[in-house]
$ cat input21.cif   # mmCIF, C-alpha atoms
data_query
loop_
_atom_site.label_atom_id
_atom_site.label_comp_id
_atom_site.auth_asym_id
_atom_site.auth_seq_id
_atom_site.Cartn_x
_atom_site.Cartn_y
_atom_site.Cartn_z
CA SER A 59 -2.98 -8.72 -30.01
CA ALA A 60 -5.95 -7.72 -32.14
CA LEU A 61 -8.33 -8.25 -29.23
CA ALA A 62 -6.19 -6.16 -26.92
CA SER A 63 -6.01 -3.43 -29.54
CA SER A 64 -9.79 -3.35 -30.01
CA ARG A 65 -10.27 -3.07 -26.27
CA ALA A 66 -7.84 -0.16 -26.18
CA TYR A 67 -9.74 1.64 -28.93
CA ALA A 68 -13.00 1.12 -27.05
CA ALA A 69 -11.61 2.43 -23.77
CA ASP A 70 -12.37 5.86 -22.30
CA SER A 71 -9.28 7.81 -23.27
CA GLY A 72 -10.31 11.24 -22.03
CA GLY A 73 -8.77 13.31 -19.26
CA TYR A 74 -5.39 12.72 -17.67
CA LYS A 75 -3.93 9.55 -16.15
CA ALA A 76 -0.47 8.75 -14.81
CA LEU A 77 1.40 5.80 -13.36
CA VAL A 78 4.40 6.28 -11.07
CA CYS A 79 6.73 3.31 -10.59
CA VAL A 80 9.00 3.47 -7.53
CA PHE A 81 11.64 0.78 -8.01
CA LEU A 82 13.39 -0.40 -4.84
CA PHE A 83 16.80 -1.52 -6.08
CA GLY A 84 18.51 -4.38 -4.27
CA GLY A 85 15.51 -6.49 -3.32
CA MET A 86 13.34 -5.27 -0.43
CA ASP A 87 12.74 -7.77 2.37
CA HIS A 88 8.97 -8.25 2.24
CA GLY A 89 9.06 -10.31 5.46
CA ASP A 90 10.49 -7.31 7.32
CA THR A 91 8.03 -4.92 5.68
CA VAL A 92 4.64 -6.60 6.03
CA LEU A 93 5.05 -8.60 9.24
CA PRO A 94 2.76 -11.24 10.77
CA TYR A 95 0.89 -9.84 13.75
CA ASP A 96 -1.23 -12.67 15.16
CA ALA A 97 0.77 -14.24 17.99
CA ALA A 98 1.24 -17.68 16.41
CA SER A 99 2.59 -16.33 13.11
CA TYR A 100 4.69 -13.63 14.77
CA ASN A 101 6.35 -16.19 17.05
CA LYS A 102 7.13 -18.44 14.06
CA LEU A 103 8.87 -15.59 12.27
CA ALA A 104 10.79 -14.65 15.43
CA ASN A 105 12.01 -18.24 15.72
CA LEU A 106 13.11 -18.35 12.08
CA ARG A 107 14.87 -15.00 12.30
CA GLN A 108 16.49 -15.20 15.71
CA GLY A 109 19.66 -13.44 14.60
CA LEU A 110 17.80 -10.61 12.91
CA PHE A 111 15.30 -10.18 15.75
CA SER A 112 18.23 -10.10 18.18
CA ALA A 113 19.90 -7.38 16.09
CA TYR A 114 16.68 -5.37 16.35
CA GLY A 115 16.69 -5.83 20.13
CA VAL A 116 13.34 -7.59 20.13
CA GLY A 117 12.12 -8.18 23.67
CA SER A 118 13.38 -4.87 25.00
CA GLY A 119 9.94 -3.28 24.79
CA THR A 120 11.36 -0.43 22.71
CA SER A 121 12.34 -2.35 19.56
CA SER A 122 10.60 -1.40 16.33
CA ARG A 123 10.03 -5.12 15.77
CA ASP A 124 8.50 -5.85 19.18
CA ARG A 125 4.98 -7.06 18.46
CA GLU A 126 3.36 -4.40 20.64
CA ASN A 127 5.13 -1.67 18.62
CA LEU A 128 3.99 -2.88 15.20
CA LEU A 129 1.16 -1.08 13.40
CA LEU A 130 -1.78 -3.47 12.97
CA LEU A 131 -3.42 -3.42 9.55
CA ASN A 132 -7.21 -3.61 9.38
CA PRO A 133 -7.98 -4.76 5.85
CA GLU A 134 -11.54 -4.78 4.58
CA ASN A 135 -10.99 -8.35 3.43
CA ALA A 136 -9.54 -9.60 6.74
CA ALA A 137 -11.92 -12.58 6.63
CA SER A 138 -9.95 -13.97 3.67
CA PHE A 139 -6.98 -14.80 5.89
CA GLY A 140 -8.51 -17.16 8.42
CA GLY A 141 -7.65 -15.17 11.52
CA ARG A 142 -4.10 -14.31 10.48
CA GLN A 143 -3.19 -10.66 11.01
CA PHE A 144 -0.55 -8.38 9.52
CA ALA A 145 1.26 -5.20 10.50
CA LEU A 146 3.76 -2.63 9.30
CA PRO A 147 6.82 -1.48 11.25
CA PRO A 148 6.54 1.98 12.86
CA GLU A 149 8.87 3.53 10.26
CA LEU A 150 6.10 2.94 7.71
CA ALA A 151 3.49 4.83 9.79
CA PRO A 152 2.59 7.21 6.91
CA LEU A 153 1.82 4.21 4.67
CA HIS A 154 -0.17 2.59 7.46
CA ALA A 155 -2.27 5.77 7.66
CA LEU A 156 -2.84 5.74 3.89
CA PHE A 157 -3.90 2.08 4.09
CA GLU A 158 -6.37 2.73 6.88
CA GLN A 159 -7.75 5.76 5.01
CA GLY A 160 -8.43 3.61 1.94
CA ASP A 161 -5.82 5.22 -0.32
CA LEU A 162 -3.38 2.30 -0.37
CA SER A 163 -3.52 -1.46 -0.82
CA ILE A 164 -0.92 -4.21 -0.48
CA VAL A 165 -0.38 -6.87 -3.13
CA GLY A 166 1.21 -10.00 -1.68
CA GLY A 167 3.41 -12.62 -3.29
CA ILE A 168 4.28 -11.02 -6.66
CA GLY A 169 7.18 -12.25 -8.74
CA PRO A 170 8.30 -13.51 -12.16
CA ARG A 171 6.83 -16.87 -13.11
CA VAL A 172 6.14 -18.81 -16.30
CA GLN A 173 3.12 -20.66 -14.95
CA PRO A 174 1.47 -21.36 -11.59
CA THR A 175 4.13 -23.04 -9.48
CA THR A 176 4.28 -25.03 -6.24
CA ARG A 177 7.17 -26.33 -4.20
CA SER A 178 6.32 -29.97 -5.05
CA GLU A 179 6.30 -29.21 -8.78
CA MET A 180 9.66 -27.47 -8.50
CA ASP A 181 11.20 -30.36 -6.57
CA ALA A 182 9.93 -32.79 -9.23
CA ASN A 183 11.25 -30.57 -12.06
CA ALA A 184 7.70 -30.61 -13.42
CA VAL A 185 7.27 -26.89 -14.02
CA ALA A 186 9.04 -24.28 -16.13
CA LEU A 187 10.82 -21.57 -14.13
CA PRO A 188 11.83 -18.02 -15.11
CA GLU A 189 15.37 -17.54 -16.35
CA ARG A 190 18.20 -16.47 -14.03
CA LEU A 191 16.28 -16.25 -10.80
CA PHE A 192 17.99 -14.43 -7.88
CA SER A 193 20.25 -12.36 -10.20
CA HIS A 194 19.95 -8.62 -9.56
CA ASN A 195 20.32 -7.37 -13.15
CA ASP A 196 18.22 -10.09 -14.72
CA GLN A 197 15.39 -9.87 -12.21
CA GLN A 198 15.32 -6.07 -12.41
CA SER A 199 14.94 -6.47 -16.17
CA THR A 200 12.28 -9.16 -15.76
CA TRP A 201 10.20 -6.92 -13.50
CA MET A 202 10.56 -3.99 -15.90
CA ALA A 203 10.48 -5.73 -19.29
CA LEU A 204 9.24 -9.31 -18.66
CA GLY A 205 12.58 -10.73 -19.79
CA VAL A 206 16.19 -11.00 -18.58
CA GLU A 207 18.89 -8.39 -19.13
CA GLY A 208 19.04 -7.50 -22.80
CA THR A 209 15.28 -7.42 -23.30
CA ARG A 210 14.63 -4.31 -25.36
CA LEU A 211 11.13 -3.10 -24.50
CA GLY A 212 9.61 -2.40 -21.09
CA TRP A 213 5.96 -2.78 -20.23
CA GLY A 214 5.73 0.88 -19.22
CA GLY A 215 6.95 1.97 -22.65
CA ARG A 216 4.61 -0.49 -24.33
CA PHE A 217 1.68 0.94 -22.36
CA ILE A 218 2.53 4.42 -23.69
CA ASP A 219 2.95 2.98 -27.21
CA SER A 220 -0.64 1.74 -27.01
CA ALA A 221 -1.95 5.00 -25.56
CA PHE A 222 -0.18 6.92 -28.32
CA GLN A 223 -1.66 4.68 -31.03
CA THR A 224 -5.19 5.33 -29.75
CA GLY A 225 -4.62 9.07 -29.45
CA ALA A 226 -4.92 9.02 -25.66
CA ALA A 227 -1.35 10.05 -24.86
CA GLY A 228 -1.41 13.49 -26.46
CA ASP A 229 2.13 14.58 -27.32
CA PRO A 230 4.28 11.52 -26.50
CA THR A 231 7.48 13.56 -26.00
CA PHE A 232 6.95 13.79 -22.25
CA SER A 233 4.82 10.67 -21.75
CA ALA A 234 7.63 8.49 -20.36
CA ILE A 235 9.80 10.29 -17.80
CA SER A 236 12.55 8.93 -15.58
CA THR A 237 14.04 10.75 -12.60
CA ASP A 238 16.59 8.01 -11.95
CA SER A 239 18.25 6.63 -15.06
CA SER A 240 17.03 5.50 -18.46
CA PRO A 241 15.48 2.16 -17.48
CA VAL A 242 14.26 -0.43 -19.96
CA PHE A 243 10.87 -0.12 -18.23
CA LEU A 244 10.09 3.07 -20.20
CA PHE A 245 11.30 1.98 -23.64
CA GLY A 246 8.65 1.21 -26.25
CA GLU A 247 8.67 0.69 -30.00
CA ALA A 248 7.93 4.36 -30.62
CA ILE A 249 8.54 5.79 -27.15
CA ARG A 250 11.86 6.72 -25.57
CA PRO A 251 12.10 7.96 -21.98
CA PHE A 252 12.83 11.57 -21.21
CA ARG A 253 15.24 11.90 -18.31
CA ALA A 254 14.61 14.56 -15.69
CA ALA A 255 17.23 13.43 -13.19
CA GLY A 256 18.24 15.72 -10.37
CA GLY A 257 15.21 17.95 -10.74
CA SER A 258 15.69 18.83 -14.41
CA PRO A 259 17.65 17.52 -17.40
CA ILE A 260 21.14 18.74 -18.19
CA GLY A 261 20.96 21.93 -20.23
CA LEU A 262 23.29 24.17 -22.18
CA ASP A 263 24.39 26.36 -19.31
CA ALA A 264 26.29 28.72 -21.60
CA ALA A 265 23.14 29.32 -23.63
CA GLU A 266 20.66 29.51 -20.79
CA LYS A 267 22.56 31.09 -17.87
CA THR A 268 23.18 34.67 -18.87
CA TRP A 269 26.04 35.28 -16.46
CA LEU A 270 28.25 32.71 -18.22
CA LEU A 271 28.38 34.73 -21.43
CA GLY A 272 27.53 38.07 -19.91
CA GLY A 273 24.22 39.58 -18.93
CA ASN A 274 24.30 42.30 -21.56
CA SER A 275 21.74 41.92 -24.35
CA ARG A 276 24.61 42.08 -26.85
CA TYR A 277 25.31 38.47 -26.01
CA ASP A 278 21.76 37.26 -26.78
CA GLU A 279 22.70 36.53 -30.39
CA VAL A 280 25.70 34.49 -29.21
CA ARG A 281 23.45 32.44 -26.95
CA GLN A 282 20.93 31.83 -29.72
CA ARG A 283 23.66 30.75 -32.14
CA LEU A 284 25.12 28.41 -29.57
CA LEU A 285 21.71 26.87 -28.92
CA ALA A 286 21.08 26.54 -32.67
CA HIS A 287 24.46 24.85 -33.16
CA PHE A 288 23.89 22.16 -30.54
CA SER A 289 20.27 21.58 -31.56
CA LYS A 290 21.22 20.97 -35.18
CA GLY A 291 20.74 17.26 -35.81
CA THR A 292 21.63 17.08 -39.48
CA THR A 293 24.98 16.26 -41.00
CA THR A 294 26.34 15.03 -44.31
CA SER A 295 28.72 12.66 -42.56
CA PRO A 296 28.69 9.11 -44.00
CA ASN A 297 29.17 7.76 -40.45
CA ILE A 298 25.83 6.43 -39.21
CA PHE A 299 26.95 6.61 -35.57
CA GLU A 300 27.87 10.27 -35.93
CA ARG A 301 24.52 11.05 -37.56
CA ASP A 302 22.60 9.20 -34.81
CA PHE A 303 24.62 10.88 -32.08
CA LEU A 304 23.96 14.35 -33.47
CA ALA A 305 20.26 13.63 -33.96
CA GLY A 306 19.96 12.30 -30.40
CA ARG A 307 21.83 15.26 -28.95
CA ALA A 308 19.69 17.71 -30.91
CA GLY A 309 16.49 16.08 -29.70
CA GLY A 310 17.76 16.15 -26.12
CA VAL A 311 18.68 19.83 -26.30
CA LEU A 312 15.32 20.87 -27.70
CA THR A 313 13.13 18.72 -25.45
CA GLY A 314 15.21 19.67 -22.43
CA TYR A 315 14.78 23.34 -23.25
CA GLU A 316 11.02 22.90 -23.69
CA TYR A 317 10.75 20.96 -20.41
CA ARG A 318 12.65 23.55 -18.41
CA ARG A 319 10.54 26.39 -19.83
CA ALA A 320 7.37 24.56 -18.77
CA ARG A 321 8.74 23.92 -15.28
CA GLN A 322 9.78 27.56 -14.90
CA GLY A 323 6.23 28.65 -15.63
CA ALA A 324 4.70 26.40 -12.97
CA MET A 325 3.12 27.60 -9.76
CA PRO A 326 5.19 26.40 -6.78
CA ILE A 327 3.88 23.37 -4.90
CA ALA A 328 3.29 24.09 -1.21
CA THR A 329 3.76 20.46 -0.11
CA VAL A 330 7.14 19.97 1.55
CA PHE A 331 8.99 16.85 0.40
CA PRO A 332 11.52 15.17 2.71
CA GLU A 333 15.20 15.73 2.12
CA GLY A 334 16.99 12.97 0.26
CA ARG A 335 17.16 11.44 -3.16
CA LEU A 336 13.71 9.84 -3.16
CA GLY A 337 11.99 12.99 -1.93
CA GLY A 338 13.76 15.02 -4.61
CA GLN A 339 12.70 12.65 -7.36
CA LEU A 340 9.08 12.53 -6.24
CA LYS A 341 9.04 16.32 -6.04
CA THR A 342 10.24 16.41 -9.66
CA VAL A 343 7.42 14.04 -10.63
CA ALA A 344 4.86 16.21 -8.83
CA GLU A 345 6.15 19.39 -10.45
CA THR A 346 6.08 17.71 -13.86
CA ILE A 347 2.48 16.61 -13.33
CA SER A 348 1.63 20.19 -12.36
CA VAL A 349 2.63 21.37 -15.87
CA ARG A 350 1.05 18.44 -17.75
CA SER A 351 -1.13 20.75 -19.83
CA MET A 352 1.89 22.83 -20.90
CA LEU A 353 3.65 19.61 -21.92
CA ALA A 354 0.50 18.45 -23.79
CA ALA A 355 0.72 15.06 -22.05
CA ASN A 356 -2.54 13.24 -21.31
CA ARG A 357 -0.94 9.91 -20.35
CA GLN A 358 2.33 9.74 -18.43
CA ILE A 359 4.39 6.99 -16.81
CA PHE A 360 7.19 7.95 -14.43
CA PHE A 361 10.09 5.88 -13.16
CA VAL A 362 11.63 6.69 -9.77
CA GLY A 363 14.53 4.71 -8.30
CA MET A 364 15.62 4.16 -4.71
CA GLY A 365 18.61 1.97 -3.79
CA GLY A 366 20.05 0.30 -0.69
CA PHE A 367 17.72 -2.70 -0.26
CA ASP A 368 20.33 -5.45 -0.79
CA THR A 369 20.46 -6.12 2.96
CA HIS A 370 22.74 -9.15 3.30
CA ASN A 371 24.00 -7.65 6.55
CA ASN A 372 23.20 -4.86 9.01
CA GLN A 373 19.54 -5.07 7.98
CA ALA A 374 18.40 -3.88 11.40
CA GLY A 375 20.59 -0.81 10.97
CA ASP A 376 19.74 0.00 7.36
CA LEU A 377 16.19 -1.04 6.58
CA PRO A 378 14.35 1.14 9.12
CA GLY A 379 15.93 4.26 7.63
CA LEU A 380 15.04 3.14 4.11
CA HIS A 381 11.48 2.44 5.23
CA ALA A 382 11.20 5.90 6.78
CA GLU A 383 12.52 7.56 3.62
CA LEU A 384 10.13 5.55 1.45
CA ALA A 385 7.09 6.28 3.61
CA GLY A 386 7.89 9.96 3.97
CA GLY A 387 8.37 10.40 0.24
CA LEU A 388 5.20 8.54 -0.73
CA SER A 389 3.12 10.38 1.83
CA ALA A 390 4.38 13.77 0.62
CA PHE A 391 3.66 12.75 -2.96
CA ARG A 392 0.07 11.94 -2.01
CA ASP A 393 -0.29 15.36 -0.37
CA ALA A 394 1.10 17.06 -3.48
CA MET A 395 -1.34 15.21 -5.74
CA VAL A 396 -4.24 16.25 -3.51
CA GLU A 397 -2.98 19.83 -3.66
CA LEU A 398 -2.90 19.66 -7.48
CA GLY A 399 -6.33 18.02 -7.69
CA ALA A 400 -4.73 15.03 -9.44
CA TRP A 401 -4.89 12.36 -6.72
CA ASN A 402 -7.73 10.48 -8.43
CA ASP A 403 -5.83 10.43 -11.71
CA VAL A 404 -2.47 9.10 -10.49
CA THR A 405 -1.53 5.60 -9.32
CA LEU A 406 1.83 4.94 -7.64
CA PHE A 407 3.18 1.42 -7.18
CA THR A 408 6.39 -0.20 -5.98
CA MET A 409 8.54 -2.88 -7.61
CA SER A 410 11.86 -4.47 -6.61
CA ASP A 411 14.42 -7.01 -7.89
CA PHE A 412 12.94 -9.72 -5.66
CA GLY A 413 11.92 -10.41 -2.10
CA ARG A 414 14.34 -12.05 0.31
CA THR A 415 14.75 -15.36 2.08
CA LEU A 416 12.42 -16.22 4.94
CA ASN A 417 15.41 -17.50 6.96
CA ASP A 418 17.95 -14.89 8.03
CA ASN A 419 21.73 -15.25 7.72
CA GLY A 420 22.55 -13.75 11.11
CA ASP A 421 22.03 -10.01 10.70
CA GLY A 422 20.53 -9.89 7.21
CA THR A 423 18.68 -11.83 4.53
CA ASP A 424 19.63 -13.11 1.08
CA HIS A 425 18.21 -13.03 -2.43
CA GLY A 426 14.69 -14.39 -2.65
CA TRP A 427 11.95 -14.56 -5.26
CA ALA A 428 8.44 -13.14 -4.71
CA GLY A 429 7.68 -10.11 -2.55
CA HIS A 430 4.91 -7.82 -1.35
CA HIS A 431 4.27 -4.35 -2.81
CA PHE A 432 2.28 -1.17 -2.29
CA VAL A 433 -0.24 0.40 -4.70
CA MET A 434 -1.68 3.81 -3.85
CA GLY A 435 -3.88 6.47 -5.43
CA GLY A 436 -7.17 8.29 -5.00
CA ASP A 437 -8.89 5.91 -7.40
CA VAL A 438 -7.31 2.78 -5.87
CA ARG A 439 -9.66 0.50 -3.97
CA GLY A 440 -7.65 0.75 -0.78
CA GLN A 441 -7.45 -0.91 2.61
CA ARG A 442 -7.20 -4.34 1.02
CA ILE A 443 -4.58 -7.07 0.79
CA LEU A 444 -4.63 -8.67 -2.65
CA GLY A 445 -3.07 -12.06 -3.23
CA ASP A 446 -1.69 -13.68 -0.10
CA ILE A 447 0.78 -12.92 2.68
CA ALA A 448 2.01 -16.47 3.20
CA ALA A 449 2.36 -17.71 6.78
CA PRO A 450 6.05 -17.97 7.81
CA ASP A 451 6.32 -21.75 7.41
CA PRO A 452 9.45 -22.81 5.48
CA ASP A 453 8.02 -26.33 5.06
CA SER A 454 4.88 -25.16 3.27
CA GLU A 455 4.16 -25.22 -0.46
CA ALA A 456 4.46 -21.43 -0.49
CA PHE A 457 8.26 -21.52 -0.14
CA THR A 458 11.09 -23.19 -2.03
CA SER A 459 12.92 -26.12 -0.43
CA SER A 460 16.15 -24.15 -0.70
CA ARG A 461 16.50 -21.10 1.55
CA ALA A 462 12.72 -20.70 2.00
CA ARG A 463 12.20 -18.28 -0.86
CA LEU A 464 8.60 -17.17 -1.36
CA ILE A 465 7.10 -18.63 -4.57
CA PRO A 466 5.00 -16.10 -6.54
CA GLY A 467 1.24 -16.46 -6.36
CA ILE A 468 0.84 -13.47 -8.71
CA SER A 469 3.01 -12.97 -11.80
CA VAL A 470 4.63 -9.68 -12.78
CA GLU A 471 2.42 -9.70 -15.91
CA GLN A 472 -0.71 -9.93 -13.73
CA TYR A 473 0.58 -7.07 -11.57
CA ALA A 474 1.16 -4.97 -14.71
#
$ encode --input "input21.cif" --output "C-alpha cells"
Amino acid sequence: SALASSRAYAADSGGYKALVCVFLFGGMDHGDTVLPYDAASYNKLANLRQGLFSAYGVGSGTSSRDRENLLLLNPENAASFGGRQFALPPELAPLHALFEQGDLSIVGGIGPRVQPTTRSEMDANAVALPERLFSHNDQQSTWMALGVEGTRLGWGGRFIDSAFQTGAAGDPTFSAISTDSSPVFLFGEAIRPFRAAGGSPIGLDAAEKTWLLGGNSRYDEVRQRLLAHFSKGTTTSPNIFERDFLAGRAGGVLTGYEYRRARQGAMPIATVFPEGRLGGQLKTVAETISVRSMLAANRQIFFVGMGGFDTHNNQAGDLPGLHAELAGGLSAFRDAMVELGAWNDVTLFTMSDFGRTLNDNGDGTDHGWAGHHFVMGGDVRGQRILGDIAAPDPDSEAFTSSRARLIPGISVEQYA
C-alpha cells in the first residue's frame, strides 16, 4: 500500500482525465462478438454452435454470421496469433472502424480469478477458484468491486479516493457519476457516486419550475424557502436514521441543484447520439464532461449500464440489435469527445457479468466465465488484441471441462 501511494504522489496529476465504464448486464457472448475468421477456426465454431448458426440463417449468403459478411480485424500484432484471424459482426461496424483507425483495442479472455488457472488444475482441484462463479449478482459485484455481492467498495471509487488524496481529483463531489444506478463500482472510502440518471438528477420541481408555484416574482420567496427547507440537513432528533436520511437528502438537493445549473450553462453538443437508453446515458456523460471546469472536477469516473445480454434463447434475434445499439452509442461518444477536444483525455471500456459458454443450447448460450472487452480512447494504443482470443476448441486447456466456459487468462484486477 505504501509503495502504491508513493507512486501515486509521484505521478503527473495535472490536466483532466476520465474513465467511462459501460457495463453490459446479463453477460455478453464474447464468442458471438469477436468471431474467428480464418476458415479452420470459423468452421469449428460453426460445428459447435449448429443450432445458433442455424437460427442466424448461416449459409444463406445474407446472414450476419456468414463468414463473407464478417468484418475482418487487422491488428498490428497479428503475428502473435499464429495465422488465426478474427472479425466483428456487421452490427459492430462503427467499432470495427475505430479499431482500424487505432482508437480502439480488444482485450481477450478477462475474468475473475484468484491465480493463474488451467483446465487440468481445475479438474485436479489443485487451484483456488473465485467465489460463486456463474452467478449474475455475485459476478457483477466481482467485476466492479473484486468481491461477491456485499463487498462495500468498488475499484472505481477507490481510484477516485486515491486521486482525491493526492489532490488530482479537484472537487470530489462530481468525480464519480452514474447514469444507471448507484453501483458498488463507484463507492470509495471517502467517495460516493452522484447519480445523473435520465439526463439529470431528480430535482425539486416545485422550487425550480416556476409554473408549478406561479411565474410571478411574488412566489420567488416561496421557492427559496422550499429549497432551504429540503436542503436543511440538521435536526435535533435522537434517531440516527432520521438524521442520516435528512443529511443525505440535503446533500442530494444541493449537489443536484449545482449540477443542473452547470449543465444549463453548457454549450450544446452538436454530435447526435442514437435514440435509446444507452445513447441517452452517453450523451449525459458527454454533456457532463463538457462542464467539467464548472464542476471543478479534474478526475472523473462514469458508470453507464446497458442490459439485455442474458441470451439463453433467441440470441440471433436479440444480440444483433444490442450490438448495433452499443456500437452506435460508443461511436457517437467518440465523436462528441473529439468535438469537445477531450478525446485524448478520456478512456471508455466495457465490462460484463461474464462471457458465455462456447457450446450453444439450441438458440442461445448459457452463463460462462471469461470474456472479451473493448477499450477505446484517443490516448489508447489501438488496433491491437491484448491477451488471447482462444481458438474454439472445447477440449483445450483454455476451456473448462463442463460446458466449455472460457478460463480467464487476464484477471479483473489486471484489467483495472
$ resolve_selection --input "input21.cif" --expression "the PyMOL selection byres ((chain A and resi 138) around 12)" --output "list in words"
Pro133, Glu134, Asn135, Ala136, Ala137, Phe139, Gly140, Gly141, Arg142, Gln143, Arg442, Ile443, Leu444, Gly445, Asp446 and Ile447 of chain A
$ resolve_selection --input "input21.cif" --expression "the PyMOL selection byres ((chain A and resi 322) around 12)" --output "PyMOL selection string"
chain A and resi 257-258+315-321+323-326+345-346+348-349+352
$ resolve_selection --input "input21.cif" --expression "the PyMOL selection byres ((chain A and resi 427) around 6)" --output "list in words"
Phe412, Gly413, Gly426, Ala428, Arg463 and Leu464 of chain A
$ closest_residue --input "input21.cif" --among "A:Leu131, A:Leu106, A:Ala344, A:Ala113" --to "A:Leu162" --atoms "only C-alpha atoms"
A:Leu131
$ atom_distance --input "input21.cif" --atom1 "atom CA of A:Ser220" --atom2 "atom CA of A:Phe407"
20.2 Å
$ atom_distance --input "input21.cif" --atom1 "atom CA of A:Phe252" --atom2 "atom CA of A:Gly214"
13.0 Å
$ residues_around --input "input21.cif" --residues "A:Leu110" --least-positions-apart "2" --cutoff "12 Å" --atoms "only C-alpha atoms" --output "count of residues only"
31
$ atom_distance --input "input21.cif" --atom1 "atom CA of A:Ala182" --atom2 "atom CA of A:Glu455"
12.9 Å
$ closest_residue --input "input21.cif" --among "A:Val362, A:Leu244, A:Thr91, A:Asp181" --to "A:Ala203" --atoms "all atoms listed in the file"
A:Leu244
